[in-house]
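Enquirer: One structure coming up, written as structure tokens, with questions to follow.
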Amino acid sequence: MRWVFIPQKVADRLREYSVKRCKTSDDRIFPISYETARMMVAKAGKMVGVPLRPHDLRRYAATYASRSGVPIEIVSKVILRIQTYRPPSVTSERSPTPRP
């Protein structure tokens, strides 16, 4: 499983779509392969005259999230595809890490 940070409005629409489309928890929301996604992204880039790869979209998403206030720890873990990240509990208190 991968964590993806998206606007609430998009999340709501994806949830509605997945309820209609996905019959089991193993069903994909978008049943396409990486190669198909890569070709779609390249085609979209060609349409606007920009060479584009899926990695470019990941980098843009990370930049957008960071500039929108998402903590850099979360952005870096998502962009590096670390699967073990768990958001800190709302009730937990974290003391600042001392810097040398």
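In the structure tokens, chains take the letters A, B, ... in the order shown, each chain's residues start at 1, and ligands count up from 1 in the order shown.
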Using only C-alpha atoms, which residues sit within 8 Å of stretch 53-68 of chain A once same-chain residues fewer than 6 positions away are excluded, as a list of chain:residue names?
Expert: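 The contact residues come out as A:Phe5, A:Ala37, A:Arg38, A:Val41, A:Ala42, A:Val75, A:Ser76, A:Ile79.
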Enquirer: If you keep N, CA and C atoms, can you produce a file of those selected residues as a PDB file, in the first residue's frame?
Expert:
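Dumped to result21.pdb:
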ATOM      1  N   PHE A   5      -1.154  11.846  -0.773  1.00  0.00           N
ATOM      2  CA  PHE A   5      -1.809  13.000  -0.188  1.00  0.00           C
ATOM      3  C   PHE A   5      -2.498  13.778  -1.302  1.00  0.00           C
ATOM      4  N   ALA A  37       0.316   3.696 -17.575  1.00  0.00           N
ATOM      5  CA  ALA A  37       0.341   5.006 -16.926  1.00  0.00           C
ATOM      6  C   ALA A  37       1.476   5.858 -17.493  1.00  0.00           C
ATOM      7  N   ARG A  38       2.641   5.250 -17.701  1.00  0.00           N
ATOM      8  CA  ARG A  38       3.781   5.977 -18.263  1.00  0.00           C
ATOM      9  C   ARG A  38       3.450   6.518 -19.648  1.00  0.00           C
ATOM     10  N   VAL A  41       0.990   9.487 -19.339  1.00  0.00           N
ATOM     11  CA  VAL A  41       1.668  10.704 -18.879  1.00  0.00           C
ATOM     12  C   VAL A  41       2.499  11.296 -20.015  1.00  0.00           C
ATOM     13  N   ALA A  42       3.217  10.447 -20.743  1.00  0.00           N
ATOM     14  CA  ALA A  42       4.031  10.931 -21.870  1.00  0.00           C
ATOM     15  C   ALA A  42       3.149  11.563 -22.941  1.00  0.00           C
ATOM     16  N   VAL A  75       6.525  14.373   3.574  1.00  0.00           N
ATOM     17  CA  VAL A  75       6.824  14.472   2.142  1.00  0.00           C
ATOM     18  C   VAL A  75       7.983  13.560   1.774  1.00  0.00           C
ATOM     19  N   SER A  76       9.048  13.580   2.551  1.00  0.00           N
ATOM     20  CA  SER A  76      10.215  12.769   2.208  1.00  0.00           C
ATOM     21  C   SER A  76       9.912  11.285   2.310  1.00  0.00           C
ATOM     22  N   ILE A  79       7.696  10.453  -0.811  1.00  0.00           N
ATOM     23  CA  ILE A  79       8.431  10.514  -2.074  1.00  0.00           C
ATOM     24  C   ILE A  79       9.468   9.404  -2.156  1.00  0.00           C
TER      25      ILE A  79
END
Enquirer: Between atom CA of A:Pro71 and atom CA of A:Ile6, what is the distance, to one decimal in Å?
Expert: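 Atom CA of A:Pro71 sits 14.4 Å away from atom CA of A:Ile6.
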Enquirer: Among stretch 45-85 of chain A, which ones does DSSP assign to alpha helix (DSSP H) (computed from the backbone)? Answer as a list in words.
Expert: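 Filtering stretch 45-85 of chain A to alpha helix (DSSP H) leaves Gly45, Lys46, Met47, Pro54, His55, Asp56, Leu57, Arg58, Arg59, Tyr60, Ala61, Ala62, Thr63, Tyr64, Ala65, Ser66, Arg67, Ile72, Glu73, Ile74, Val75, Ser76, Lys77, Val78 and Ile79 of chain A.
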Enquirer: Can you pull out every residue within 9 Å of stretch 18-20 of chain A, counting only C-alpha atoms, but drop anything in the same chain fewer than 5 positions away, and send it as a PyMOL selection string?
Expert: chain A and resi 13+28-29
Enquirer: If you keep C-alpha atoms, can you produce a file of those selected residues as a CSV table (one decimal), in the first residue's frame?
Expert:
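Once everything was written out, this is again07.csv:
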chain,number,residue,atom,x,y,z
A,13,ARG,CA,-14.9,11.7,-5.3
A,28,ARG,CA,-7.7,-1.5,-8.2
A,29,ILE,CA,-9.4,1.9,-8.5
Enquirer: Can you tell me how far atom CA of A:Tyr17 sits from atom CA of A:Met47, in Å to one decimal?
Expert: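 Those two atoms sit 27.0 Å apart.
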Enquirer: How far is it from atom CA of A:Lys77 to atom CA of A:Lys43, in Å with one decimal?
Expert: 28.8 Å
